[in-house]
Structure formats: structure tokens, C-alpha cells
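**Student:** One structure, pasted below without further comment.
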Amino acid sequence: MKTWSEIYTPKNINEIYGQDFAVAKLRDFIVGYNKQKNKAAIVHGPPGVGKTCSVYAIAHELNYEILELNASDYRNSENIDAIIKPAISQKSLFYRNKIIFIDELDGIAGTEDYGGVQTLVSLIESSKFPIIIAANDPWNKKLANIRKKSTLIEFKNLSYLNIYKVLEKISKKINIYCSEDSLKQIAMVANGDLRAALNDFQALTEGKKSIILKDLEVIASRNKKDSVFNALRIIFKTKNIQEVLNTINTTDLDLDEATLWIDENIPLEYSGSDITKAYNSLSRADVFKGRVSRQQYYRFLVYQSNLMTAGVSLAKSKQHQNYTPYRRTSRILKYWIAKNKYQKRKSISEKLAAITHSSSKKALKSTFPYIKIIFQKNKGQEIAKYLELNEDEIEYLNSK
Amino acid sequence: MNDLMIWTEKYRPSRFSEIVGQYMIVERVHAFVKNKNMPNLLFSGPAGVGKSSLALVIAKELYGPSWRENFLEMNASDSRGIDVVRNIIKDFARTKAIGNVPYKIIFLDEADALTREAQQALRRTMENYTNNTRFLLSCNYSSKIIDPILSRCTVFRFKPLSKDNFSEIIKKICKNEKLKIADKAIEALFLISEGDARKMENVLQSCAAISQSINGKLIYDIVSLAEPKEIREVLSIARKDFLRARNKLLDVMLNHGLSGIDVIKQISKEIWNLDINDERKIMLIDKCGEIEFRMVEGSDEFIQLEALLSNFLEK
């Protein structure tokens with residue numbers, strides 16, 4: 001089965017929404033390639049905004065051939081050399097114009113593929129045909145050398161209205177009634193990613209005659225929750241490690257979200273020293289998570305995942321059969337509420353820090369509580385003037 | 001209008017002769033200033049013992065009234081990234097010093113808050129501006145500063161202020177503010193501040209807002225008002241009911257704006273007051289250390305605190 005994002009991918013330039021500027025720039029680069037100083041172009045932007053399809057649509061319009069390298073397949077220096085080198089040098093009498101298109105360059109930028117990037121850099125210089133590179137993040141350090149030799153073309157996040165327009169067009173084509181607000185909701189949720197919107201849309205309409213806003217909420221949220229609930233049940237109820245690991249591998253669990261769910265529910269499910277053991281595993285998992293983000297060494301994700309699932313699962317001394325209603329974590333929401341609630345405390349601390357030669361953290365800890373006491377005793381007026389506190393801040397210090 | 005409403009600033013020394021304590025260090029630094037010849041300096045030591053004050057005195061004595069033009073103060077734990085630091089430093093160091101001192105001073109407070117990578121970048125920045133800039137760094141632990149930076153600085157280790165130092169400062173403030181203070185109260189101030197003059201002055205100012213006559217009880221009342229005691233409560237709940245304890249802990253942290261490290265510090269102090277046997281105390285202290293270590297390496301400090309808290313459960 002083909003996905004809609006493949007079926008409805010635009011064939012012509014005029015079917016591409018919301019990227020007029022980028023498409024024009026890319027087209028100019030290809031048409032005027034012989035005069036270009038930079039021998040490659042990097043089209044960059046978030047996923048699902050039309051980078052790849054723009055390259056194909058332009059090629060179609062100009063009647064160019066495309067040699068695509070899905071870069072994740074050809075990682076090392078030999079492969080890149082073997083495939084691209086012949087392609088960029090041959091220019092026989094009967095040649096047809098072509099574009100060398102290297103998709104997902106971020107994918108080959110890992111340390112072990114360093115040679116690949118270097119090879120590409122040297123090939124760029126001698127190319128007779130336009131080399132187009134797609135990447136999500138062109139500022140990735142490992143792309144620095146390629147970036148120097150390339151023209152950058154940015155594809156921006158699509159606005160929800162652009163996505164909406166596409167969805168509306170498709171809904172007419174497939175003859176399914178979709179209420180305007182339901183389409184808008186899908187477009188909003190997609191957050192600029194048209195491919196994601198099309199996938200969602202397809203999943204929602206499968207086997208249906210019409211869609212209204214209500215269907216959409218139920219299906220979208222229940223799907224996600226189900227997989228988390230299922231994973232939690234397996235982690236907490238069984239002691240069969242193979243089963244735990246299999247579930248995790250097949251459910252495409254978001255590790256960060258799963259961590260919050262496990263964290264919230266350990267004390268509901270376990271008791272006594274099982275809690276201690278379970279949290280010890282979760283804490284070790286978190287250490288690896290910290291190392292992943294600090295060192296950008298993604299192998300550590302394996303240990304994070306194993307420790308937080310199998311580790312927490314093995315922590316129990318006996319199996320619990322009773323039903324546990326799992327709870328969603330309220331911690332993140334509480335952080336958010338607190339952040340807003342204590343905005344004033346923060347701004348006061350910043351003002352204090354500026355005059356007491358200290359950081360705002362230190363001012364909050366060491367000076368703020370004592371200043372508050374002075375305000376509570378109605379002796380704060382002078383200090384308020386001195387710190388140039390606004391009315392809200394003064395009220396905050398005076399209250400309670 | 002009196003612009004010295006906060007006592008830590010009002011009583012901050014502005015001349016070498018006004019500094020109480022750290023006499024050996026003050027003498028050495030004074031000599032640098034007299035000769036207008038100063039190396040890069042690193043002040044290391046606990047909070048509230050005069051590191052920032054000495055830095056400010058250097059600037060004021062060296063440059064006189066134009067000290068603000070020649071002295072850039074930055075706090076490493078507030079400035080977001082090393083790039084920000086570098087850009088500000090670059091802009092500041094680009095122009096020549098005003099007056100007859102050939103260099104400007106960049107004072108980087110809480111330098112141990114910088115990551116190792118940021119310190120590496122700072123090291124290069126320090127090298128680039130040696131002709132017309134001196135760096136003055138302060139930190140709590142010099143062990144958190146990388147060797148290449150240490151080797152470019154003269155390191156001075158500040159000691160906690162003595163009881164005599166404290167008494168001298170307190171008496172001076174009380175005289176000026178027309179406060180009556182008992183000897184016992186001075187003793188109490190010294191004990192609760194643990195040698196930290198900033199804390200002592202803050203406590204004293206709060207006390208003065210309540211009464212002109214200050215005794216030990218008032219001091220303890222003020223401190224217990226200002227410092228959250230709920231952590232003790234959290235620990236006692238955690239011995240029986242983990243779920244309730246961890247929910248309470250989150251509320252306490254949010255209400256008081258405590259970081260994970262703040263909480264661990266308090267927990268490790270409270271462990272010694274718990275009604276449990278000594279072996280368990282040592283075991284828990286060991287856990288504190290391990291969890292603090294993991295917190296530095298990890299990403300979610302609340303999960304680390306929960307892991308610590310779960311060890312208080314009594315089986």
C-alpha cells in the first residue's frame with residue numbers, strides 16, 4: 001500500500017505550496033549551474049516541508065534526470081566515490097542533463113562516515129552537474145566543509161493554512177466529507193510537517209465516509225495512550241525480559257515520554273524495596289540519557305532503554321496481578337504552572353542579582369527570602385524604590 | 001535617595017583598609033595594585049568570604065572614579081553560553097583602558113559554573129587579549145577549573161571568616177544602624193551563617209526590620225522563616241509512604257525554587273539528625289553522594305531525587 005504522502009506528492013512546481021521563494025532559488029541554481037561559484041546547493045529545513053519533492057518537481061519541469069543517493073545507504077568513502085564519480089564526469093555527446101541528489105545528508109554525518117563527507121567535498125569541486133544536498137540541519141558541525149562550498153536554500157516550516165489547502169484538495173478528490181474544523185485541526189497538529197499531516201489524514205479516513213472534529217480527537221489521543229499503557233503493563237506485570245524488550249522494540253515508544261509514565265507509576269505498582277530497585281534502574285537510565293545529549297553519542301540510548309524497561313521490570317520481587325489504573329504524570333504541568341506563578345520571584349531575584357554582584361540563582365537563595373521578610377513587616381518601601389520594583393512585584397513580596 | 005538599601009552592598013568595603021579577614025591575600029593584591037602590575041587572578045573559596053568584594057576593591061583602587069568603564073563584571077551562571085561570554089568580552093576588550101592603567105579587568109564570577117568546553121573556549125579568549133586585559137575569576141571550588149586556566153592565573157584560596165572577623169563586622173554595622181546586640185546573638189549569627197558574611201548581613205537586616213534590639217531567639221526565628229524546613233518533613237514521610245513523600249518533595253521544590261543540588265545538600269545535612277542507627281546514616285550519606293554524582297551526569301534531577309528518596313523507605 002502506498003501512503004498518501006507518496007501518492008499526492010506534487011509532480012509540478014505549481015503544485016508545491018508555501019515554498020515559492022525556495023523553489024525559485026533552487027530552480028535558478030540548477031538552470032544557471034555553469035555560472036555558479038558554489039558547485040553544490042544545500043536545501044535545508046524541517047522534515048516534511050517539501051525539500052525532496054521540490055527537487056523532483058523541478059527536474060520534471062526541466063526534463064532533467066535525477067541520480068539520487070539516499071545517503072543512509074552509501075555511507076563510506078568508497079561507495080560515494082564509486083557511485084558519484086562516474087556520474088559527475090561523463091558528459092558524452094548524447095547526454096541528458098541530470099541532477100545529483102543526495103538526500104538526508106545528516107544521516108551520513110556520523111563519526112564513522114567521516115570519510116564519506118570528505119570524499120563528497122572533493123567530488124563537488126569537479127562536478128559538471130548540479131549537486132543538490134538535502135539536510136535537516138545544515139549547521140551540523142560535521143557538514144562544515146560541505147557548507148563552505150554550497151549555496152544554502154532554506155525551506156521554512158509550512159503554515160497551517162498551506163497544509164489545510166492541501167488536505168482540502170485531497171478530501172475533494174477522495175470524496176470523503178471532512179468538516180472544515182477537523183481539517184484545520186489536523187493541519188495544526190502537524191506543526192508545519194505536511195508529510196505527517198497526510199499520514200494522519202490517511203489513518204483517520206481509512207474506511208470512513210466522513211470526518212468531523214470529534215472523531216479526530218478520540219482516535220488520535222487513544223492510539224498513543226494505548227501503546228503507552230500496554231508497554232507499562234508489560235514492564236510492571238511480567239518478569240519475562242524477552243517479552244519486555246520485544247514490546248519496547250515493536251511499539252515505537254517515545255523514550256522521554258515513557259520515562260515520565262514509568263516514573264509516575266512505579267510507586268503505584270511496586271512497594272517496599274522493589275521501589276528502591278526500580279528507581280535505581282530508572283536513575284541509571286537517566287544518567288545515560290544525560291550522556292546522550294551531552295556527548296551526542298547515540299549508542300547510549302540502548303542502555304537508557306534497557307535499564308528503564310527491563311531494569312524496572314526486573315526490580316520486582318514478586319508478580320502483581322491486581323489491576324493498576326496508570327496515571328499520566330502531572331509533574332511537567334506543575335513545572336509549567338510554577339514557572340508562571342513564580343515569574344515575579346524570578347524577576348525580583350534578577351533585579352537583586354544586578355545590584356548585589358551575584359547570580360540570580362544565588363540572589364534567589366541567599367537574599368530574596370530575607371528581603372521578603374522585610375516586606376512582610378511593612379518596611380520594604382525604600383527597598384522597592386531602590387530596586388525599581390513594579391506594582392506586581394511589590395504585591396508579591398507583601399502577600400502572605 | 002539612599003542608594004544603599006541592601007546591607008550587603010551598603011557594608012561592602014570599597015578600600016583595601018576596610019576589608020575584614022583574608023589579610024595575607026589582601027596584602028599581596030594590594031602590592032599588585034600599587035605597582036599597577038597585575039597577573040590574571042583566580043579567587044577560590046566558600047560563599048560570602050570576600051571574593052567579589054576584593055575584586056571590586058581592586059577596580060576602585062586601581063581606576064578611581066572611572067572604575068566602571070574599565071571593569072566588566074559577569075556572572076558565569078547567568079550568562080547563557082560561552083558564545084555570549086565571548087562576544088561581550090570581545091566588545092569590552094576591543095577598546096583601550098581609560099586612564100593611566102594599561103589594561104582593563106574582566107571579572108568572571110562563579111567561573112566554576114562554566115562547563116569544561118566553555119572553559120576551553122575561555123582559555124583561548126584569555127590568550128587573545130593578554131595585552132590589554134586582565135582576567136579575574138572567582139569560584140567555590142578550584143578543582144572545577146581546568147588546568148590550563150589555573151596555570152594562567154595566580155590562585156588565592158580564601159578561608160571562611162573567623163569568629164573575630166564576624167564580630168568586627170557585626171559590631172560596626174550595629175553601631176552604624178543603632179542596633180543593640182547581645183554577645184549571645186553575635187555567636188548565634190556566626191553559627192547559622194557558617195562563615196558566610198552575605199548571609200549574616202541579610203539575616204541582620206531582616207532582624208533590624210523587626211526590632212532594634214537583637215537577641216538569639218529573633219535570629220533563629222528569622223532564619224527558620226527564610227529557610228524551608230519541609231525537607232525534614234519529606235524525609236520523615238519517606239520512611240513510611242514513598243508516594244506521599246515524593247509528591248510533597250515536588251511541591252517544596254517548586255514553592256521555594258530549589259534545585260536538585262539544593263535539595264541533596266539539605267538532605268545530606270538532615271540525615272545526621274534522623275532517628276535511625278548510625279550504619280544506616282552512613283549508607284544514606286553514600287547514596288546522597290552517588291545520586292549527586294548521577295545528577296551531574298544525568299538529565300532529569302527529579303528522577304534522581306526519587307531514587308535517593310526511595311532509600312529512606314523502612315522495610
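Just so we're on the same page: first chain in the C-alpha cells is A, next is B, and so on; residues restart at 1 for each chain, and ligands are numbered from 1 in the order they show up.
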Could you tell me, as a list in words, which residues of stretch 16-155 of chain A DSSP assigns to strand (DSSP E or B) when given the backbone?
**Tutor:**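 Result set for stretch 16-155 of chain A (strand (DSSP E or B)): Ala40, Ala41, Ile42, Val43, His44, Glu65, Ile66, Leu67, Glu68, Leu69, Asn70, Lys98, Ile99, Ile100, Phe101, Ile102, Asp103, Ile131, Ile132, Ile133, Ala134, Ala135, Ser150, Thr151, Leu152, Ile153 and Glu154 of chain A.
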**Student:** Okay, now the selection with N, CA and C atoms, as a short mmCIF file (atom, residue, chain, number, x, y, z; two decimals), in the first residue's frame?
**Tutor:**
```
data_model
loop_
_atom_site.label_atom_id
_atom_site.label_comp_id
_atom_site.auth_asym_id
_atom_site.auth_seq_id
_atom_site.Cartn_x
_atom_site.Cartn_y
_atom_site.Cartn_z
N ALA A 40 27.58 23.18 -5.34
CA ALA A 40 26.51 22.38 -4.73
C ALA A 40 25.53 23.31 -4.04
N ALA A 41 24.31 22.80 -3.82
CA ALA A 41 23.33 23.57 -3.05
C ALA A 41 22.83 22.67 -1.93
N ILE A 42 22.68 23.26 -0.76
CA ILE A 42 22.07 22.50 0.34
C ILE A 42 20.65 23.02 0.54
N VAL A 43 19.66 22.15 0.30
CA VAL A 43 18.30 22.54 0.64
C VAL A 43 18.05 22.03 2.05
N HIS A 44 17.66 22.93 2.93
CA HIS A 44 17.55 22.51 4.33
C HIS A 44 16.25 23.00 4.93
N GLU A 65 17.38 14.34 -15.60
CA GLU A 65 17.41 13.04 -14.94
C GLU A 65 17.84 13.26 -13.49
N ILE A 66 17.43 12.35 -12.59
CA ILE A 66 17.92 12.50 -11.23
C ILE A 66 18.69 11.26 -10.81
N LEU A 67 19.90 11.47 -10.32
CA LEU A 67 20.61 10.37 -9.69
C LEU A 67 20.51 10.59 -8.19
N GLU A 68 19.70 9.78 -7.57
CA GLU A 68 19.51 10.02 -6.13
C GLU A 68 20.35 9.09 -5.29
N LEU A 69 21.00 9.66 -4.33
CA LEU A 69 21.72 8.88 -3.33
C LEU A 69 20.99 9.05 -2.02
N ASN A 70 20.36 7.99 -1.62
CA ASN A 70 19.75 8.07 -0.30
C ASN A 70 20.87 7.83 0.67
N LYS A 98 21.42 16.13 -15.92
CA LYS A 98 20.98 15.43 -14.71
C LYS A 98 21.33 16.19 -13.44
N ILE A 99 20.65 15.79 -12.40
CA ILE A 99 20.90 16.36 -11.08
C ILE A 99 21.39 15.24 -10.19
N ILE A 100 22.47 15.50 -9.45
CA ILE A 100 22.92 14.52 -8.45
C ILE A 100 22.24 14.94 -7.14
N PHE A 101 21.39 14.10 -6.65
CA PHE A 101 20.62 14.47 -5.46
C PHE A 101 20.99 13.58 -4.29
N ILE A 102 21.51 14.19 -3.26
CA ILE A 102 21.90 13.41 -2.08
C ILE A 102 20.96 13.77 -0.94
N ASP A 103 20.10 12.82 -0.64
CA ASP A 103 19.05 13.08 0.35
C ASP A 103 19.58 12.73 1.75
N ILE A 131 24.87 19.45 -7.97
CA ILE A 131 24.74 18.54 -6.84
C ILE A 131 23.82 19.20 -5.82
N ILE A 132 22.72 18.55 -5.52
CA ILE A 132 21.78 19.09 -4.54
C ILE A 132 21.80 18.18 -3.32
N ILE A 133 21.97 18.80 -2.16
CA ILE A 133 22.04 18.03 -0.92
C ILE A 133 20.87 18.44 -0.04
N ALA A 134 20.18 17.45 0.53
CA ALA A 134 19.10 17.79 1.46
C ALA A 134 19.54 17.44 2.87
N ALA A 135 19.22 18.33 3.79
CA ALA A 135 19.59 18.08 5.18
C ALA A 135 18.61 18.81 6.08
N SER A 150 28.84 25.34 -0.66
CA SER A 150 27.47 25.20 -1.11
C SER A 150 26.65 26.47 -0.94
N THR A 151 25.64 26.57 -1.81
CA THR A 151 24.65 27.62 -1.66
C THR A 151 23.56 27.08 -0.74
N LEU A 152 23.17 27.86 0.28
CA LEU A 152 22.14 27.38 1.20
C LEU A 152 20.76 27.85 0.74
N ILE A 153 19.83 26.93 0.67
CA ILE A 153 18.46 27.28 0.32
C ILE A 153 17.53 26.78 1.41
N GLU A 154 16.87 27.71 2.08
CA GLU A 154 16.08 27.31 3.24
C GLU A 154 14.63 27.01 2.87
#
```
**Student:** Kindly assemble as a Markdown table a list of the chain A residues that lie within 6 Å of chain B, each paired with its nearest atom pair and their distance in Å to one decimal, using only C-alpha atoms, sorted first by chain and then by ascending residue number.
**Tutor:**
```
| residue | atom | partner | partner_atom | distance |
| --- | --- | --- | --- | --- |
| A:Pro267 | CA | B:Leu243 | CA | 5.8 |
| A:Gly272 | CA | B:Lys315 | CA | 5.9 |
| A:Thr276 | CA | B:Ser310 | CA | 4.9 |
| A:Tyr279 | CA | B:Ala307 | CA | 4.7 |
| A:Asn280 | CA | B:Ala307 | CA | 5.6 |
| A:Ser283 | CA | B:Gln304 | CA | 5.4 |
| A:Asp286 | CA | B:Gly298 | CA | 5.3 |
| A:Val287 | CA | B:Gly298 | CA | 3.8 |
| A:Gly290 | CA | B:Gly298 | CA | 4.0 |
| A:Ser359 | CA | B:Asp78 | CA | 5.9 |
| A:Pro369 | CA | B:Ala226 | CA | 5.0 |
| A:Tyr370 | CA | B:Ser206 | CA | 5.7 |
| A:Ile374 | CA | B:Ser206 | CA | 5.5 |
| A:Ile383 | CA | B:Met5 | CA | 5.7 |
```
**Student:** Kindly export the residues of the current selection with N, CA and C atoms, as an mmCIF file, in the first residue's frame.
**Tutor:**
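out-v1.cif was written with the following content:
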```
data_model
loop_
_atom_site.group_PDB
_atom_site.id
_atom_site.type_symbol
_atom_site.label_atom_id
_atom_site.label_comp_id
_atom_site.auth_asym_id
_atom_site.auth_seq_id
_atom_site.Cartn_x
_atom_site.Cartn_y
_atom_site.Cartn_z
ATOM 1 N N PRO A 267 5.581 3.927 42.049
ATOM 2 C CA PRO A 267 5.067 3.762 43.418
ATOM 3 C C PRO A 267 3.614 3.282 43.465
ATOM 4 N N GLY A 272 7.743 -1.340 48.928
ATOM 5 C CA GLY A 272 8.943 -1.732 49.673
ATOM 6 C C GLY A 272 10.211 -1.598 48.850
ATOM 7 N N THR A 276 12.766 0.892 45.594
ATOM 8 C CA THR A 276 14.164 1.336 45.609
ATOM 9 C C THR A 276 14.918 0.796 44.395
ATOM 10 N N TYR A 279 13.701 2.447 41.069
ATOM 11 C CA TYR A 279 14.212 3.811 40.875
ATOM 12 C C TYR A 279 15.706 3.826 40.628
ATOM 13 N N ASN A 280 16.406 2.840 41.183
ATOM 14 C CA ASN A 280 17.832 2.787 40.905
ATOM 15 C C ASN A 280 18.067 2.563 39.408
ATOM 16 N N SER A 283 17.142 5.685 37.493
ATOM 17 C CA SER A 283 18.160 6.711 37.696
ATOM 18 C C SER A 283 19.389 6.447 36.825
ATOM 19 N N ASP A 286 18.584 7.413 33.339
ATOM 20 C CA ASP A 286 18.637 8.866 33.176
ATOM 21 C C ASP A 286 20.078 9.360 32.999
ATOM 22 N N VAL A 287 21.007 8.684 33.676
ATOM 23 C CA VAL A 287 22.420 9.060 33.509
ATOM 24 C C VAL A 287 22.825 8.875 32.052
ATOM 25 N N GLY A 290 21.429 11.585 29.925
ATOM 26 C CA GLY A 290 22.228 12.804 30.048
ATOM 27 C C GLY A 290 23.472 12.724 29.178
ATOM 28 N N SER A 359 24.779 35.985 41.081
ATOM 29 C CA SER A 359 23.905 35.429 40.051
ATOM 30 C C SER A 359 22.469 35.456 40.561
ATOM 31 N N PRO A 369 14.808 35.559 50.345
ATOM 32 C CA PRO A 369 13.953 35.224 51.495
ATOM 33 C C PRO A 369 13.995 36.306 52.573
ATOM 34 N N TYR A 370 15.152 36.933 52.739
ATOM 35 C CA TYR A 370 15.284 37.942 53.797
ATOM 36 C C TYR A 370 14.632 39.260 53.389
ATOM 37 N N ILE A 374 11.426 41.428 55.199
ATOM 38 C CA ILE A 374 11.372 42.880 55.428
ATOM 39 C C ILE A 374 10.066 43.464 54.869
ATOM 40 N N ILE A 383 13.273 49.908 49.847
ATOM 41 C CA ILE A 383 13.938 48.913 49.013
ATOM 42 C C ILE A 383 13.227 48.791 47.672
#
```
**Student:** Can you pull out every residue within 12 Å of B:Lys217, counting only C-alpha atoms, but drop anything in the same chain fewer than 4 positions away, and send it as a list in words?
**Tutor:**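 Here the qualifying residues turn out to be Ile181, Ala182, Lys184, Ala185, Ile186, Glu187, Ala188, Leu189, Cys207, Ser211, Ser213, Asp221, Ile222, Val223 and Ser224 of chain B.
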**Student:** Kindly give the distance, in Å, that separates atom CA of A:Thr247 and atom CA of A:His320, rounded to a single decimal.
**Tutor:**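 We find that atom CA of A:Thr247 and atom CA of A:His320 lie 18.9 Å from each other.
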**Student:** Neighbours of A:Pro10 within 7 Å (only C-alpha atoms; same-chain residues fewer than 5 positions away dropped), as a list in words?
**Tutor:**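 The filter keeps Glu15, Ile16, Cys53 and Ala57 of chain A.
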**Student:** Could you tell me how far atom CA of B:Cys288 sits from atom CA of B:Ile261, in Å to one decimal place?
**Tutor:**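 Taking atom CA of B:Ile261 and atom CA of B:Cys288, their separation equals 10.3 Å.
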**Student:** Using atom CA of B:Gln212 and atom CA of B:Glu168 as the two end points, give the distance in Å to one decimal.
**Tutor:**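 Atom CA of B:Gln212 sits 18.8 Å away from atom CA of B:Glu168.
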**Student:** Could you write out, as a count of residues only, all the residues of stretch 168-385 of chain A that DSSP marks as alpha helix (DSSP H)?
**Tutor:** 155
